[in-house]
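Colleague: My structure is below; once you've seen it, I'll send some questions.
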Amino acid sequence: MYYLFGLLSGVCVAFMLSFNNLLSEAVGIYTGSLIFHFIAFVLISIYIAIRQPSIGTRNDLPFHYYLPGVASVLTVMSSSISISAIGLTLTIGLSLFGQLVFSNIVDHFGLLGMEKRPFHPNKIVGLSIIFTGVLAMIYL
Amino acid sequence: MIYVLPFFIGVLIVFSAITNGQLAQEVGIPKGIQMNFFFGSLSAFVLTLAFEVQSVRAVSFTTLPIIFLCGSFFAMGVLFFMNTIVPKISAFYIVLLPFVGQMLVSGCIDYFYLNILSRGKIIGAILILIGIMCNAILERASVTS
């Protein structure tokens with residue numbers, strides 16, 4: 001059951017990107033991003049109002065905790081531009097490669113408050129195969 | 001140049017995932033998500049005001065197909081499924097299964113809707129899948145040793 005949920009989360013990501021792209025093409029990338037975030041904000045607010053989960057009360061949060069919202073806007077806008085230009089499959093493939101490269105940099109240098117985990121040369125094998133896959137997507 | 005953009009999306013996703021994880025520890029997962037979408041709405045509102053006010057006036061929102069607004073519902077689906085599976089299955093499947101799901105749907109959309117699914121994209125997706133599995137297996141081996 002949990003494995004199916006894992007698969008379904010990926011299905012939802014692809015549909016989310018695709019519908020956001022349609023919305024952005026219809027109303028513009030900034031407005032599309034605004035509509036997406038506002039509806040999602042309303043939905044999560046309804047969930048919180050109904051379920052009343054336990055919520056932390058800390059108010060003196062560091063500034064960078066507010067940035068993922070901005071990053072999310074940039075992600076939605078960049079995805080819309082990218083999907084229109086190169087399609088969904090290549091957008092997802094390249095973004096996965098970006099995730100792997102950046103997460104290894106974060107781990108290696110211990111950035112963003114993460115514990116330092118030095119880069120293991122073994123990982124070059126997997127990263128090279130993934131990079132070959134990305135090149136195949138672009139050039140074949 | 002256009003290929004740099006999705007790479008940059010990957011960087012943003014990792015930054016958000018790490019920061020959201022830290023934020024969730026401070027205020028809880030639902031409140032963290034709510035803050036995310038609130039500040040997302042706010043920054044998108046500022047950008048719309050700055051760059052798109054004129055073109056927005058020309059958009060007929062009443063004729064907008066309701067299905068175009070479904071992205072947010074799928075975002076809720078992603079959050080629900082990810083929060084459910086993360087404590088239950090290994091990191092290997094947490095990376096692998098969503099990727100397979102994304103590739104299945106994006107392949108279908110590229111083929112049926114955008115008409116741009118090529119043999120290279122299928123081969124590329126399979127190679128990426130092998131790379132992810134390879135990375136996870138090697139990482140697991142290095143952790144256990």
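How things are named: the first chain in the structure tokens is A, the next is B, and so on; residues count from 1 in each chain; ligands count from 1 in the order shown.
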Can you check which parts of chain A lie within 6 Å of chain B? Per residue, the shortest pair of atoms and distance in Å to one decimal, counting only C-alpha atoms, sorted by chain and number, as CSV.
Modeller:
residue,atom,partner,partner_atom,distance
A:Tyr2,CA,B:Ile85,CA,5.7
A:Phe5,CA,B:Phe81,CA,5.5
A:Gly6,CA,B:Leu97,CA,5.2
A:Leu7,CA,B:Gly101,CA,4.7
A:Ser9,CA,B:Val78,CA,4.8
A:Gly10,CA,B:Pro98,CA,3.7
A:Val11,CA,B:Gly101,CA,4.7
A:Cys12,CA,B:Phe74,CA,5.1
A:Ala14,CA,B:Gln102,CA,5.1
A:Met16,CA,B:Gly71,CA,4.3
A:Phe19,CA,B:Gly71,CA,5.2
A:Asn20,CA,B:Gly71,CA,5.5
A:Leu23,CA,B:Phe68,CA,5.1
A:Tyr30,CA,B:Thr48,CA,5.1
A:Thr31,CA,B:Thr48,CA,5.6
A:Leu34,CA,B:Ala44,CA,4.8
A:Phe36,CA,B:Ser72,CA,5.5
A:His37,CA,B:Ser41,CA,5.0
A:Phe38,CA,B:Ser41,CA,5.3
A:Ala40,CA,B:Ser72,CA,4.9
A:Phe41,CA,B:Phe37,CA,5.0
A:Ile44,CA,B:Gln34,CA,6.0
A:Ile55,CA,B:Gly28,CA,5.3
A:Gly56,CA,B:Val27,CA,3.8
A:Pro68,CA,B:Ser16,CA,4.8
A:Gly69,CA,B:Gly40,CA,4.0
A:Val70,CA,B:Gly40,CA,5.2
A:Ala71,CA,B:Leu12,CA,6.0
A:Val73,CA,B:Gly40,CA,5.7
A:Thr75,CA,B:Ile9,CA,5.5
A:Leu88,CA,B:Ser106,CA,5.4
A:Thr89,CA,B:Ser106,CA,5.2
A:Thr91,CA,B:Pro6,CA,5.4
A:Leu94,CA,B:Phe7,CA,5.4
A:Ser95,CA,B:Gly10,CA,4.2
A:Leu96,CA,B:Gly10,CA,5.9
A:Gly98,CA,B:Phe7,CA,4.3
A:Gln99,CA,B:Gly10,CA,4.2
A:Phe102,CA,B:Val11,CA,5.7
A:Lys123,CA,B:Asn135,CA,5.7
A:Gly126,CA,B:Gly131,CA,4.3
A:Ile129,CA,B:Gly131,CA,5.0
A:Ile130,CA,B:Ile128,CA,4.3
A:Gly133,CA,B:Gly124,CA,3.7
A:Val134,CA,B:Gly124,CA,5.7
A:Ala136,CA,B:Gly124,CA,5.0
A:Met137,CA,B:Lys121,CA,4.1
A:Leu140,CA,B:Gly120,CA,4.3
Colleague: Quick one: DSSP helix (DSSP H, G or I) residues in region 74-125 of chain A, as a PyMOL selection string?
Modeller: chain A and resi 74-86+88-109+111-113+123-125
Colleague: Would you save the residues of that selection, restricted to C-alpha atoms, as an mmCIF file, in the first residue's frame?
Modeller:
data_model
loop_
_atom_site.group_PDB
_atom_site.id
_atom_site.type_symbol
_atom_site.label_atom_id
_atom_site.label_comp_id
_atom_site.auth_asym_id
_atom_site.auth_seq_id
_atom_site.Cartn_x
_atom_site.Cartn_y
_atom_site.Cartn_z
ATOM 1 C CA LEU A 74 10.217 30.463 -8.735
ATOM 2 C CA THR A 75 9.776 26.674 -9.163
ATOM 3 C CA VAL A 76 6.244 26.998 -10.564
ATOM 4 C CA MET A 77 7.292 29.802 -12.930
ATOM 5 C CA SER A 78 10.464 28.044 -14.120
ATOM 6 C CA SER A 79 8.563 24.760 -14.615
ATOM 7 C CA SER A 80 5.960 26.478 -16.775
ATOM 8 C CA ILE A 81 8.622 28.078 -19.000
ATOM 9 C CA SER A 82 10.620 24.854 -19.197
ATOM 10 C CA ILE A 83 7.655 22.510 -19.918
ATOM 11 C CA SER A 84 6.461 24.763 -22.737
ATOM 12 C CA ALA A 85 9.947 24.715 -24.280
ATOM 13 C CA ILE A 86 11.252 21.150 -23.761
ATOM 14 C CA LEU A 88 7.545 17.449 -19.104
ATOM 15 C CA THR A 89 9.805 14.368 -19.262
ATOM 16 C CA LEU A 90 13.030 16.305 -19.901
ATOM 17 C CA THR A 91 12.073 18.975 -17.335
ATOM 18 C CA ILE A 92 11.640 16.281 -14.670
ATOM 19 C CA GLY A 93 14.817 14.439 -15.756
ATOM 20 C CA LEU A 94 16.988 17.567 -15.615
ATOM 21 C CA SER A 95 15.470 18.757 -12.360
ATOM 22 C CA LEU A 96 16.205 15.369 -10.791
ATOM 23 C CA PHE A 97 19.829 15.689 -11.914
ATOM 24 C CA GLY A 98 19.909 19.200 -10.364
ATOM 25 C CA GLN A 99 18.509 17.790 -7.121
ATOM 26 C CA LEU A 100 21.168 15.068 -6.969
ATOM 27 C CA VAL A 101 24.086 17.416 -7.733
ATOM 28 C CA PHE A 102 22.957 20.112 -5.273
ATOM 29 C CA SER A 103 22.080 17.629 -2.504
ATOM 30 C CA ASN A 104 25.587 16.141 -2.805
ATOM 31 C CA ILE A 105 27.114 19.654 -2.578
ATOM 32 C CA VAL A 106 24.969 20.396 0.508
ATOM 33 C CA ASP A 107 26.007 17.096 2.119
ATOM 34 C CA HIS A 108 29.703 17.488 1.267
ATOM 35 C CA PHE A 109 30.060 21.038 2.634
ATOM 36 C CA LEU A 111 25.408 23.688 3.985
ATOM 37 C CA LEU A 112 21.991 24.893 5.256
ATOM 38 C CA GLY A 113 22.662 23.556 8.738
ATOM 39 C CA LYS A 123 28.503 8.065 -6.234
ATOM 40 C CA ILE A 124 30.197 9.187 -9.462
ATOM 41 C CA VAL A 125 29.036 5.906 -11.066
#
